[in-house]
Amino acid sequence: MPDLLQIGPISEEMRARLEPVFAIHQTKRYTPDDITHVITNGNLGVTPKIMASLKNLKMISSYGVGYEAIDAVEAARRGIIVTHTPDVLNEEVATTAVLLMLACYREMLRDDAYVRTGKWARMGSAPLTRSAENQTVGILGLGRIGQAIAHKLAPWQPRIVYHARNPKDVAYTYFDNLTAMAFECDVLICITPGGSSTQGIVNAEVMAALGPQGTLINVSRGSVVDEPALIKALSNGTLGWAGLDVFAHEPDVPQALRDLPNTVLLPHVGSATVETRAAMGALTVDNLLQHAENGTVISPVPECAGL
Ligand code: NAP
Ligand code: 8YV
C-alpha cells in the first residue's frame, strides 16, 4: 500500500475512497522516507521544507485550481507530478464574481440593512443605486474562469475587454497594458493565478485609472491587489467600490477594509458550494487513485504536464 501524507482536512467521501488504496498519515506523525504521495489544498500547499524532506515523493494532488503554494518547477525537476482541480469550479467562481459585481452596483448590503434596521420604515425609501447594464468590464486573466465570467455576464450586455500576458483567440478586445485597460473600464474583475508574477499588479495607478465611479472585483488571490493602496483608494474616493472574495492575509481582513461602506466582503467562498466542492474532492482523489494504479494522472499542472 503506498503511503499518503494528508496536509489539511479532507471530506469523509474522499477518505472513504482513499483508505482502501493508501495508508493515510497525518502531518504530526509520519516517516518522511515512506511517503510517496501527498494530498493537500491550494491554501496550504506543500512547504519547501516538507517537499525537500520527502525523498521518495512521486505525486502531489492539490484540492483547488490555484497551486502557488507548491513549487511546481522544483517538483517537475525532481520528477514529482503535481495535480490540481481545474474546470470543475469555473461556473461557481464565475457566479461569485458576478454576484459581487451586482452586489456592489445595486448596493445590496446597504439596502438589506435598510430593511433590517428599520431605516426603510423611518425614511420611506432608500437612495437609488447604479445600473449594471451595458458596462465596460475588464477581465484581468482571461483563462478558464475568466472566460466563464465573460459568458455569465452576457445578460447584462457588457463590452468585455481583457488583459493577460498573451492575447487569446476570442472576440474581446485585448490590452497589453493593465492601466490603459483600467482607464476604459467601469469594472475590473481579477481572476489570474497568485504568486510572484501577479504580486500587487493591481496597484494604486490601476485603481486611480479605474476611478471614483469604478468597481474592483477580486476573486483571484489577495496578493494580486495592493491591499494598503486599495484601502486608501476606497477611503479617499479615488476608487468607488470593491467586491472581494480574497485577501492578502486570510483569514485576517484589515479593520479599515471591514469598516468601509463601499465594499462587499466574502470569506474566500468562490467555489464553496456543496456540489462544486464535491466535484473538486472527487477530482483530487481520482488523480491519486489513477496514479496509484498506472502512474498517470488526469489534471497535471502545466509545469508537470510532460512527466
Ligand atoms: P487559468 O485558466 O490558468 O487562467 C489564468 C489566466 O491568467 C490566463 O488568462 C493567463 O493568461 C492569465 N495570467 C497568468 N499570469 C498572468 C500575469 N502575470 N499577468 C496577467 N495575466 C496573467 O486559471 P483559472 O482556472 O481561470 O484560475 C485562475 C485563478 O483563479 C487560480 O489560479 C486561482 O488563484 C483563482 N481562483 C480563486 C478561487 C476563489 O475561491 N476565489 C477559486 C478558483 C480559482 P496568460 O498566460 O496569457 O498571462
Ligand atoms: C479553494 C481556490 O477554496 O481553487 C482555488 O484556487 O481558491 C478555491 O477553490 C481553495 O483552493 C481550497 O484550498
# chains A, B, ... in the order shown; residues from 1 in each chain; ligands from 1

$ residues_around --residues "Ser61 of chain A" --least-positions-apart "3" --cutoff "9 Å" --atoms "only C-alpha atoms" --output "list in words"
His37, Val38, Ile39, Thr40, Asn41, Ile81, Val82, Thr83, His84, Thr85, Thr284, Val285, Asn287, Leu288 and Pro300 of chain A

$ write_last_selection --atoms "C-alpha atoms" --output "PDB file, in the first residue's frame"
ATOM      1  CA  HIS A  37       2.022  10.675  -2.315  1.00  0.00           C
ATOM      2  CA  VAL A  38       0.700  13.908  -0.763  1.00  0.00           C
ATOM      3  CA  ILE A  39      -2.845  15.248  -0.643  1.00  0.00           C
ATOM      4  CA  THR A  40      -3.124  18.966   0.122  1.00  0.00           C
ATOM      5  CA  ASN A  41      -5.043  22.077  -0.891  1.00  0.00           C
ATOM      6  CA  ILE A  81       3.813  15.090 -10.641  1.00  0.00           C
ATOM      7  CA  VAL A  82       1.616  17.859  -9.205  1.00  0.00           C
ATOM      8  CA  THR A  83      -2.120  17.787  -9.981  1.00  0.00           C
ATOM      9  CA  HIS A  84      -4.875  20.324  -9.280  1.00  0.00           C
ATOM     10  CA  THR A  85      -8.638  20.668  -9.943  1.00  0.00           C
ATOM     11  CA  THR A 284      -8.393  15.329  -6.236  1.00  0.00           C
ATOM     12  CA  VAL A 285      -8.974  11.673  -5.321  1.00  0.00           C
ATOM     13  CA  ASN A 287      -5.855  11.816  -9.690  1.00  0.00           C
ATOM     14  CA  LEU A 288      -4.381   9.899  -6.733  1.00  0.00           C
ATOM     15  CA  PRO A 300      -1.454  17.832 -14.015  1.00  0.00           C
TER      16      PRO A 300
END

$ residues_near_ligand --ligand "ligand 1" --cutoff "7 Å" --atoms "only C-alpha atoms and all ligand atoms" --output "PyMOL selection string"
chain A and resi 64-67+86-87+89-90+93+140-146+163-167+191-194+197-198+219-221+245-246+268-271

$ atom_distance --atom1 "atom CA of Arg159 of chain A" --atom2 "atom CA of Gly200 of chain A"
25.5 Å

$ select_by_dssp --residues "segment 30-236 of chain A" --states "helix (DSSP H, G or I)" --output "ChimeraX atom specification"
/A:32-34,48-53,72-77,90-105,108-116,119-123,144-152,154-156,178-184,196-198,204-210,222-224,227-236

$ atom_distance --atom1 "atom CA of Thr179 of chain A" --atom2 "atom CA of Leu210 of chain A"
8.2 Å

$ residues_around --residues "Ile139 of chain A" --least-positions-apart "4" --cutoff "10 Å" --atoms "only C-alpha atoms" --output "list of chain:residue names"
A:Gly143, A:Gly146, A:Gln147, A:Ile149, A:Ala150, A:Ile160, A:Val161, A:Tyr162, A:His163, A:Ala164, A:Tyr172, A:Tyr174, A:Leu178, A:Met181, A:Ala182, A:Cys185, A:Val187, A:Leu188, A:Ile189, A:Cys190, A:Ile191, A:Thr192, A:Ile217
